[in-house]
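To start, the structure under review is shown below, and the notes come after it.
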Amino acid sequence: MPTIIYLVHGMGCGTADGEPRPPAEAWSVGAVEAVRWIGRTFGLPEPTVLDPLHDDPPPGSDDPAALWLVPITYHGVFDEFRSASQDRRQHARSLGDGVLTDGEITRLTQSDFAWVNCVDVLLWWADTVQARNWATVKILDAITAADRLAARAAPGGSVRRILISHSLGTAATTYALGELAKEAAWRKRGAFDAWFTLANVAPFVLEARRVYDQALVPGAPRSLIAGYMFNARNELDPVPWLLPWRAFSASDAGPLSNAWQGAEADGLYSLVPTRGVAAPPGFVPVITDVHGFANYLVSPPIATLLAGTARGEAYTAEEVAAIGNAPWDQLPALRCRNPGAMSSLRSAVAIYTRRGPGSVSNNADRALVDRLLEGVELLAAARDQC
């Protein structure tokens, strides 16, 4: 009767040339270690990592306290795109008719950082047939395969599921859940006890009807999110503000605003601010980790909420006080050669988040492309300065 924790990555997990990363540099390594650190900090059982998924349930899976970690990788389609041609400029033009101007192509292709990160978002957003369907299949296959394995581990038992999606992964997961919701069995039983959306970009690349679908309202009857939705934003991360006027908000859910605001009033949906930059033990943080998956996970509010959700009972104020700040104080912290790098990033993000819809382009597609490039360039500049 395990609790399954699904991890869905965001942008930038591939390589500039599309070749596979060494296993030690896979996106999942830091995220998995972050969850392991959370478990040790809060006294949870050591999780079993199912990557790849096993053919048979691992030993101890019938323990009600068992934890499974299931990293879900879908960036292969983006790497295939990058590996198809060494001529970046010409290749970028194939993203779609009129998606990129010549100036934007130059900005996209002149640095590996932009090429790795922006192509993921642009390809998923523009290629709604191949890239989006590929990601959807990968996500749903992993979710259902792990669920079937858990059912074999504890026939007739109750499986708990926690979904954690980062950045573009939240958009991809939102789309995938819309497909999962078409299966009555999943909606009837409430698929996930909690959904953690870290640096949520779904409202920027999906229609509002998908982002705020009835099947995603936390705690609503027949919702896929039976319990809670936690939406985290790091104060120095520009990505959750690609289009500030469309950032995820219960009040912007259109016809379902009352349902989402009701969930928020009942504490079933909440915005979780995070701060700072740290890394799991054994890793070295960099300033671009303001948008990092592991950095979001080890932040005190997310770590505490995730631990309580995995335990099945929130930690009391007394329990949290007993743990204290020491575990976080001992994490590897960011050290910049330039002490002013963080202040510069803070100022740049403050300006970035205040930009209105008319400040870039009246064309929605142009605004998204320009703001995406600007946000990634802002992070790259911080990296160079740090």
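Lettering and numbering for the structure tokens are positional, with chains as A, B, ... in the shown order, residues counted from 1 in each chain, and ligands counted from 1 in the shown order.
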
- Expected answer as a PyMOL selection string: strand (DSSP E) residues in range 42-95 of chain A: chain A and resi 48-49+67-72

- Task: Enumerate as a ChimeraX atom specification all residues of range 228-377 of chain A assigned to alpha helix (DSSP H) by DSSP on the backbone, naming them with the chain letters and numbers the document uses.
- Result: /A:257-265,293-298,300-311,317-323,326-329,341-354,364-377

Please report, as a Markdown table, each residue of range 148-193 of chain A lying at most 10 Å from range 72-89 of chain A, together with the nearest pair of atoms and the separation in Å rounded to one decimal; use only C-alpha atoms, and order rows by chain and ascending residue number.
```
| residue | atom | partner | partner_atom | distance |
| --- | --- | --- | --- | --- |
| A:Ser165 | CA | A:Ile72 | CA | 9.5 |
| A:Gly169 | CA | A:Tyr74 | CA | 9.0 |
| A:Ala172 | CA | A:Tyr74 | CA | 9.3 |
```

With N, CA and C atoms retained, export the selected residues as an mmCIF file, in the first residue's frame.
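Output file part-v1.cif follows:
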```cif
data_model
loop_
_atom_site.group_PDB
_atom_site.id
_atom_site.type_symbol
_atom_site.label_atom_id
_atom_site.label_comp_id
_atom_site.auth_asym_id
_atom_site.auth_seq_id
_atom_site.Cartn_x
_atom_site.Cartn_y
_atom_site.Cartn_z
ATOM 1 N N SER A 165 5.031 18.644 -10.192
ATOM 2 C CA SER A 165 5.433 19.043 -11.536
ATOM 3 C C SER A 165 6.137 20.389 -11.480
ATOM 4 N N GLY A 169 6.805 21.293 -16.982
ATOM 5 C CA GLY A 169 6.186 20.035 -16.573
ATOM 6 C C GLY A 169 4.776 20.216 -16.046
ATOM 7 N N ALA A 172 2.641 20.480 -19.180
ATOM 8 C CA ALA A 172 2.516 19.154 -19.776
ATOM 9 C C ALA A 172 1.631 18.253 -18.931
#
```

Output as a Markdown table one row per residue of range 283-342 of chain A within 10 Å of range 265-273 of chain A: the closest atom pair and its distance in Å to one decimal place, counting only C-alpha atoms, sorted by chain and residue number ascending.
```
| residue | atom | partner | partner_atom | distance |
| --- | --- | --- | --- | --- |
| A:Tyr296 | CA | A:Pro273 | CA | 9.9 |
| A:Ser299 | CA | A:Pro273 | CA | 9.5 |
| A:Pro301 | CA | A:Val272 | CA | 7.2 |
| A:Ile302 | CA | A:Val272 | CA | 7.6 |
| A:Leu305 | CA | A:Val272 | CA | 9.9 |
```

Could those residues be written to a file, using C-alpha atoms, as an mmCIF file, in the first residue's frame?
```cif
data_model
loop_
_atom_site.group_PDB
_atom_site.id
_atom_site.type_symbol
_atom_site.label_atom_id
_atom_site.label_comp_id
_atom_site.auth_asym_id
_atom_site.auth_seq_id
_atom_site.Cartn_x
_atom_site.Cartn_y
_atom_site.Cartn_z
ATOM 1 C CA TYR A 296 11.978 24.414 -4.952
ATOM 2 C CA SER A 299 12.676 25.169 0.362
ATOM 3 C CA PRO A 301 7.571 25.546 3.041
ATOM 4 C CA ILE A 302 7.531 22.985 0.219
ATOM 5 C CA LEU A 305 4.170 20.415 3.087
#
```

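Proximity to range 28-31 of chain A at 10 Å, evaluated using only C-alpha atoms and with sequence-adjacent residues fewer than 4 positions away removed, yields Leu7, Val8, His9, Cys13, Pro23, Ala24, Val35, Arg36, Trp37, Asp51, Val70, Pro71, Ile72, Thr73, Ala279, Pro280, Pro281, Gly282, Phe283, Gly292, Phe293, Ala294, Asn295, Tyr296, Leu297 and Val298 of chain A.
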
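You will find CA of Gly14 in chain A at 24.9 Å from CA of Gly98 in chain A.
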
Closest pair table for range 331-372 of chain A residues within 12 Å of range 100-107 of chain A, only C-alpha atoms, as a tab-separated table:
```
residue	atom	partner	partner_atom	distance
A:Asp365	CA	A:Leu100	CA	9.4
A:Arg366	CA	A:Leu100	CA	8.1
A:Ala367	CA	A:Leu100	CA	11.2
A:Leu368	CA	A:Leu100	CA	10.7
A:Val369	CA	A:Leu100	CA	7.5
A:Asp370	CA	A:Glu104	CA	7.3
A:Arg371	CA	A:Glu104	CA	10.7
A:Leu372	CA	A:Glu104	CA	10.4
```

Could you save those same residues with N, CA, C and O atoms as a compact mmCIF listing (two decimals), in the first residue's frame?
```txt
# COMPACT_ATOMS: atom_id res chain seq x y z
N ASP A 365 0.99 35.65 -29.16
CA ASP A 365 2.10 34.76 -29.49
C ASP A 365 3.43 35.50 -29.42
O ASP A 365 4.42 34.98 -28.89
N ARG A 366 3.47 36.70 -29.95
CA ARG A 366 4.70 37.49 -29.92
C ARG A 366 5.09 37.78 -28.47
O ARG A 366 6.26 37.75 -28.11
N ALA A 367 4.11 38.09 -27.63
CA ALA A 367 4.39 38.39 -26.24
C ALA A 367 5.02 37.20 -25.54
O ALA A 367 6.00 37.34 -24.80
N LEU A 368 4.47 36.00 -25.76
CA LEU A 368 5.01 34.81 -25.11
C LEU A 368 6.45 34.55 -25.54
O LEU A 368 7.32 34.33 -24.71
N VAL A 369 6.71 34.59 -26.84
CA VAL A 369 8.05 34.31 -27.33
C VAL A 369 9.05 35.33 -26.78
O VAL A 369 10.13 34.97 -26.29
N ASP A 370 8.70 36.60 -26.87
CA ASP A 370 9.61 37.64 -26.42
C ASP A 370 9.88 37.54 -24.92
O ASP A 370 11.02 37.66 -24.47
N ARG A 371 8.82 37.32 -24.17
CA ARG A 371 8.98 37.25 -22.70
C ARG A 371 9.75 36.00 -22.29
O ARG A 371 10.52 36.02 -21.33
N LEU A 372 9.54 34.89 -22.98
CA LEU A 372 10.30 33.68 -22.67
C LEU A 372 11.78 33.91 -22.90
O LEU A 372 12.61 33.58 -22.04
```

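Picture a line from CA of Arg233 in chain A to CA of Val376 in chain A; it runs 16.1 Å.
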
If we count only C-alpha atoms and set the cut-off at 10 Å, which residues sit around Leu379 in chain A, ignoring sequence neighbours fewer than 5 positions away in its own chain? Please answer as a tab-separated table (two decimals) with N, CA and C atoms, in the first residue's frame.
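around_7.tsv, freshly written:
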```
chain	number	residue	atom	x	y	z
A	113	PHE	N	22.45	28.08	-23.49
A	113	PHE	CA	21.47	28.17	-22.39
A	113	PHE	C	20.07	28.44	-22.94
A	114	ALA	N	19.97	29.40	-23.86
A	114	ALA	CA	18.66	29.69	-24.45
A	114	ALA	C	18.20	28.55	-25.35
A	236	LEU	N	12.72	35.07	-6.74
A	236	LEU	CA	13.67	35.54	-7.74
A	236	LEU	C	13.58	34.77	-9.05
A	237	ASP	N	12.53	34.01	-9.21
A	237	ASP	CA	12.35	33.21	-10.42
A	237	ASP	C	11.45	33.97	-11.39
A	238	PRO	N	11.97	34.36	-12.56
A	238	PRO	CA	11.11	35.08	-13.50
A	238	PRO	C	10.11	34.19	-14.23
A	239	VAL	N	10.36	32.88	-14.29
A	239	VAL	CA	9.57	32.00	-15.14
A	239	VAL	C	8.09	31.98	-14.77
A	287	ILE	N	23.16	30.22	-9.35
A	287	ILE	CA	22.13	31.24	-9.22
A	287	ILE	C	20.91	30.95	-10.08
A	288	THR	N	21.07	30.23	-11.18
A	288	THR	CA	19.91	29.88	-12.01
A	288	THR	C	19.00	28.87	-11.32
A	289	ASP	N	19.44	28.34	-10.18
A	289	ASP	CA	18.59	27.44	-9.41
A	289	ASP	C	17.43	28.15	-8.74
A	290	VAL	N	17.34	29.46	-8.90
A	290	VAL	CA	16.10	30.12	-8.46
A	290	VAL	C	14.91	29.49	-9.19
A	291	HIS	N	15.21	28.89	-10.36
A	291	HIS	CA	14.19	28.17	-11.11
A	291	HIS	C	14.38	26.65	-11.04
A	345	LEU	N	19.79	40.52	-9.78
A	345	LEU	CA	18.71	39.63	-10.21
A	345	LEU	C	17.38	40.05	-9.60
A	348	ALA	N	16.10	43.03	-11.48
A	348	ALA	CA	15.66	42.67	-12.83
A	348	ALA	C	14.33	41.94	-12.80
A	349	VAL	N	14.17	41.03	-11.84
A	349	VAL	CA	12.92	40.28	-11.74
A	349	VAL	C	11.77	41.21	-11.34
A	374	GLU	N	13.32	36.75	-22.97
A	374	GLU	CA	13.80	37.74	-22.00
A	374	GLU	C	14.04	37.10	-20.63
A	384	ASP	N	26.14	34.59	-15.44
A	384	ASP	CA	27.42	35.16	-15.84
A	384	ASP	C	27.94	36.14	-14.79
A	385	GLN	N	27.04	36.87	-14.18
A	385	GLN	CA	27.44	37.86	-13.18
A	385	GLN	C	27.86	37.21	-11.88
```

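Of the listed residues (A:Thr173, A:Gly157, A:Trp68, A:Phe42), A:Thr173 comes nearest to Gly10 in chain A; the distances count only C-alpha atoms.
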
- Query: Quick one: residues within 12 Å of Ala65 in chain A, only C-alpha atoms counted, chain neighbours fewer than 4 positions away excluded, as an MDAnalysis selection string?
  - Reply: chainID A and resid 1:4 39 43:48 60:61 158:160 309:312

Just write the chosen residues, all heavy atoms, as a CSV table (one decimal), in the first residue's frame.
```
chain,number,residue,atom,x,y,z
A,1,MET,N,0.9,-1.2,0.0
A,1,MET,CA,0.0,0.0,0.0
A,1,MET,C,0.9,1.3,0.0
A,1,MET,O,0.9,2.1,0.9
A,1,MET,CB,-0.9,0.0,1.2
A,1,MET,CG,-2.1,0.9,1.1
A,1,MET,SD,-3.4,0.5,2.3
A,1,MET,CE,-2.5,0.4,3.8
A,2,PRO,N,1.7,1.4,-1.0
A,2,PRO,CA,2.7,2.5,-1.0
A,2,PRO,C,2.0,3.9,-1.3
A,2,PRO,O,0.9,4.0,-1.8
A,2,PRO,CB,3.6,2.1,-2.2
A,2,PRO,CG,2.7,1.4,-3.1
A,2,PRO,CD,1.8,0.6,-2.3
A,3,THR,N,2.8,4.9,-0.9
A,3,THR,CA,2.5,6.3,-1.4
A,3,THR,C,3.4,6.5,-2.6
A,3,THR,O,4.6,6.4,-2.4
A,3,THR,CB,2.7,7.3,-0.3
A,3,THR,OG1,1.7,7.1,0.7
A,3,THR,CG2,2.6,8.7,-0.8
A,4,ILE,N,2.8,6.9,-3.7
A,4,ILE,CA,3.6,7.1,-4.9
A,4,ILE,C,3.8,8.6,-5.1
A,4,ILE,O,2.8,9.4,-5.1
A,4,ILE,CB,2.9,6.6,-6.2
A,4,ILE,CG1,2.5,5.1,-6.0
A,4,ILE,CG2,3.8,6.7,-7.4
A,4,ILE,CD1,1.7,4.6,-7.2
A,39,GLY,N,12.9,13.3,3.3
A,39,GLY,CA,12.5,12.2,4.1
A,39,GLY,C,13.4,12.0,5.3
A,39,GLY,O,12.9,11.7,6.4
A,43,GLY,N,12.0,12.4,9.1
A,43,GLY,CA,11.8,11.0,9.7
A,43,GLY,C,10.9,10.1,8.9
A,43,GLY,O,10.3,9.2,9.5
A,44,LEU,N,10.9,10.3,7.6
A,44,LEU,CA,10.1,9.4,6.8
A,44,LEU,C,10.9,8.2,6.3
A,44,LEU,O,12.1,8.2,6.4
A,44,LEU,CB,9.6,10.1,5.5
A,44,LEU,CG,8.7,11.4,5.8
A,44,LEU,CD1,8.4,12.1,4.5
A,44,LEU,CD2,7.4,11.0,6.5
A,45,PRO,N,10.3,7.1,5.9
A,45,PRO,CA,11.0,6.0,5.4
A,45,PRO,C,11.8,6.3,4.2
A,45,PRO,O,11.4,7.2,3.4
A,45,PRO,CB,9.9,4.9,5.1
A,45,PRO,CG,8.7,5.4,5.8
A,45,PRO,CD,8.8,6.9,5.9
A,46,GLU,N,12.9,5.6,3.9
A,46,GLU,CA,13.7,5.8,2.7
A,46,GLU,C,12.9,5.4,1.5
A,46,GLU,O,12.3,4.3,1.4
A,46,GLU,CB,14.9,4.9,2.8
A,46,GLU,CG,15.8,5.0,1.5
A,46,GLU,CD,16.5,6.3,1.3
A,46,GLU,OE1,16.6,7.1,2.3
A,46,GLU,OE2,17.1,6.5,0.2
A,47,PRO,N,12.7,6.4,0.5
A,47,PRO,CA,11.9,6.0,-0.6
A,47,PRO,C,12.6,5.1,-1.6
A,47,PRO,O,13.8,5.0,-1.6
A,47,PRO,CB,11.7,7.4,-1.3
A,47,PRO,CG,12.9,8.2,-0.9
A,47,PRO,CD,13.3,7.7,0.5
A,48,THR,N,11.8,4.3,-2.3
A,48,THR,CA,12.3,3.4,-3.3
A,48,THR,C,12.1,4.2,-4.7
A,48,THR,O,11.0,4.6,-5.0
A,48,THR,CB,11.5,2.1,-3.4
A,48,THR,OG1,11.7,1.4,-2.2
A,48,THR,CG2,12.0,1.2,-4.5
A,60,GLY,N,9.0,-4.8,0.4
A,60,GLY,CA,8.4,-3.8,1.4
A,60,GLY,C,7.3,-3.0,0.9
A,60,GLY,O,6.8,-2.1,1.6
A,61,SER,N,6.8,-3.2,-0.4
A,61,SER,CA,5.8,-2.4,-1.0
A,61,SER,C,4.4,-2.5,-0.3
A,61,SER,O,3.6,-1.7,-0.4
A,61,SER,CB,5.6,-2.7,-2.4
A,61,SER,OG,6.8,-2.4,-3.2
A,158,SER,N,-5.5,0.8,-0.5
A,158,SER,CA,-5.6,2.1,-0.9
A,158,SER,C,-4.3,2.7,-1.2
A,158,SER,O,-3.4,2.8,-0.3
A,158,SER,CB,-6.4,2.9,0.2
A,158,SER,OG,-6.5,4.3,-0.2
A,159,VAL,N,-4.1,3.1,-2.4
A,159,VAL,CA,-2.8,3.7,-2.9
A,159,VAL,C,-3.0,5.2,-2.8
A,159,VAL,O,-3.9,5.8,-3.3
A,159,VAL,CB,-2.5,3.3,-4.3
A,159,VAL,CG1,-1.2,4.0,-4.8
A,159,VAL,CG2,-2.3,1.8,-4.4
A,160,ARG,N,-2.0,5.9,-2.2
A,160,ARG,CA,-2.0,7.4,-2.2
A,160,ARG,C,-1.0,7.9,-3.2
A,160,ARG,O,0.1,7.3,-3.4
A,160,ARG,CB,-1.6,7.8,-0.8
A,160,ARG,CG,-2.5,7.4,0.3
A,160,ARG,CD,-2.1,7.8,1.7
A,160,ARG,NE,-2.0,9.3,1.8
A,160,ARG,CZ,-0.9,10.0,1.9
A,160,ARG,NH1,0.3,9.4,1.9
A,160,ARG,NH2,-1.0,11.3,2.0
A,309,THR,N,2.3,15.6,3.6
A,309,THR,CA,1.5,14.9,2.7
A,309,THR,C,1.9,13.5,2.5
A,309,THR,O,1.1,12.6,2.4
A,309,THR,CB,1.5,15.7,1.3
A,309,THR,OG1,1.2,17.0,1.5
A,309,THR,CG2,0.5,15.0,0.3
A,310,ALA,N,3.2,13.3,2.4
A,310,ALA,CA,3.7,11.9,2.3
A,310,ALA,C,3.4,11.1,3.5
A,310,ALA,O,3.1,9.9,3.5
A,310,ALA,CB,5.2,11.9,2.0
A,311,ARG,N,3.5,11.7,4.7
A,311,ARG,CA,3.2,11.0,5.9
A,311,ARG,C,1.7,10.7,6.1
A,311,ARG,O,1.3,9.8,6.8
A,311,ARG,CB,3.7,11.9,7.1
A,311,ARG,CG,3.5,11.2,8.5
A,311,ARG,CD,4.1,11.9,9.6
A,311,ARG,NE,3.3,13.1,10.0
A,311,ARG,CZ,3.4,13.8,11.2
A,311,ARG,NH1,4.3,13.3,12.1
A,311,ARG,NH2,2.7,14.9,11.4
A,312,GLY,N,0.9,11.6,5.4
A,312,GLY,CA,-0.6,11.4,5.6
A,312,GLY,C,-1.2,12.3,6.6
A,312,GLY,O,-2.4,12.3,6.9
```

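With only C-alpha atoms as the atoms that count, the minimum distance from Ala314 in chain A to the choices A:Asn363, A:Ala131, A:Tyr228, A:Leu243 is reached by A:Tyr228.
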
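Compared by their closest atoms to Ile143 in chain A, and using only C-alpha atoms, the residues A:Ala263, A:Val129, A:Ile5, A:Ala202 rank with A:Ile5 nearest.
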
- Message: Which residues are close to range 178-186 of chain A, i.e. within 8 Å by only C-alpha atoms, leaving aside same-chain residues fewer than 2 positions away? Reply as an MDAnalysis selection string.
- Response: chainID A and resid 140 174:176 188:191 210 213 215 224

I need the residues from that last selection saved to file as a PDB file, in the first residue's frame (with N, CA and C atoms), if you can.
```pdb
ATOM      1  N   LEU A 140       1.309   9.966 -18.946  1.00  0.00           N
ATOM      2  CA  LEU A 140       0.208   9.066 -18.617  1.00  0.00           C
ATOM      3  C   LEU A 140       0.676   7.619 -18.509  1.00  0.00           C
ATOM      4  N   THR A 174      -0.741  19.285 -16.784  1.00  0.00           N
ATOM      5  CA  THR A 174      -2.107  19.791 -16.868  1.00  0.00           C
ATOM      6  C   THR A 174      -2.801  19.238 -18.106  1.00  0.00           C
ATOM      7  N   TYR A 175      -2.104  19.272 -19.217  1.00  0.00           N
ATOM      8  CA  TYR A 175      -2.676  18.742 -20.462  1.00  0.00           C
ATOM      9  C   TYR A 175      -2.932  17.240 -20.329  1.00  0.00           C
ATOM     10  N   ALA A 176      -1.960  16.519 -19.761  1.00  0.00           N
ATOM     11  CA  ALA A 176      -2.108  15.070 -19.602  1.00  0.00           C
ATOM     12  C   ALA A 176      -3.269  14.728 -18.672  1.00  0.00           C
ATOM     13  N   LYS A 188     -13.604   9.074 -10.553  1.00  0.00           N
ATOM     14  CA  LYS A 188     -14.479   8.570  -9.499  1.00  0.00           C
ATOM     15  C   LYS A 188     -13.736   8.398  -8.191  1.00  0.00           C
ATOM     16  N   ARG A 189     -12.494   7.942  -8.272  1.00  0.00           N
ATOM     17  CA  ARG A 189     -11.764   7.647  -7.033  1.00  0.00           C
ATOM     18  C   ARG A 189     -10.877   8.797  -6.564  1.00  0.00           C
ATOM     19  N   GLY A 190     -10.729   9.859  -7.390  1.00  0.00           N
ATOM     20  CA  GLY A 190      -9.836  10.936  -6.995  1.00  0.00           C
ATOM     21  C   GLY A 190      -8.401  10.470  -7.110  1.00  0.00           C
ATOM     22  N   ALA A 191      -7.732  10.864  -8.161  1.00  0.00           N
ATOM     23  CA  ALA A 191      -6.449  10.250  -8.495  1.00  0.00           C
ATOM     24  C   ALA A 191      -5.319  10.642  -7.551  1.00  0.00           C
ATOM     25  N   ARG A 210      -8.479  24.620 -20.005  1.00  0.00           N
ATOM     26  CA  ARG A 210      -7.691  23.450 -19.602  1.00  0.00           C
ATOM     27  C   ARG A 210      -6.998  23.678 -18.264  1.00  0.00           C
ATOM     28  N   ASP A 213      -9.671  23.535 -15.420  1.00  0.00           N
ATOM     29  CA  ASP A 213     -10.717  22.547 -15.691  1.00  0.00           C
ATOM     30  C   ASP A 213     -11.381  22.073 -14.399  1.00  0.00           C
ATOM     31  N   ALA A 215     -12.127  19.213 -13.574  1.00  0.00           N
ATOM     32  CA  ALA A 215     -11.496  17.988 -13.078  1.00  0.00           C
ATOM     33  C   ALA A 215     -10.239  18.254 -12.276  1.00  0.00           C
ATOM     34  N   LEU A 224      -9.763  15.077 -10.140  1.00  0.00           N
ATOM     35  CA  LEU A 224      -8.563  14.238 -10.071  1.00  0.00           C
ATOM     36  C   LEU A 224      -7.681  14.614  -8.889  1.00  0.00           C
TER      37      LEU A 224
END
```

- Item | Straight-line distance linking CA of Leu67 in chain A with CA of Asp55 in chain A, stated in Å to one decimal | 17.1 Å

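Candidate residues A:Ser167, A:Asn231, A:Ser223, A:Ser347 were compared for distance to Val201 in chain A, and the nearest is A:Ser167, using only C-alpha atoms.
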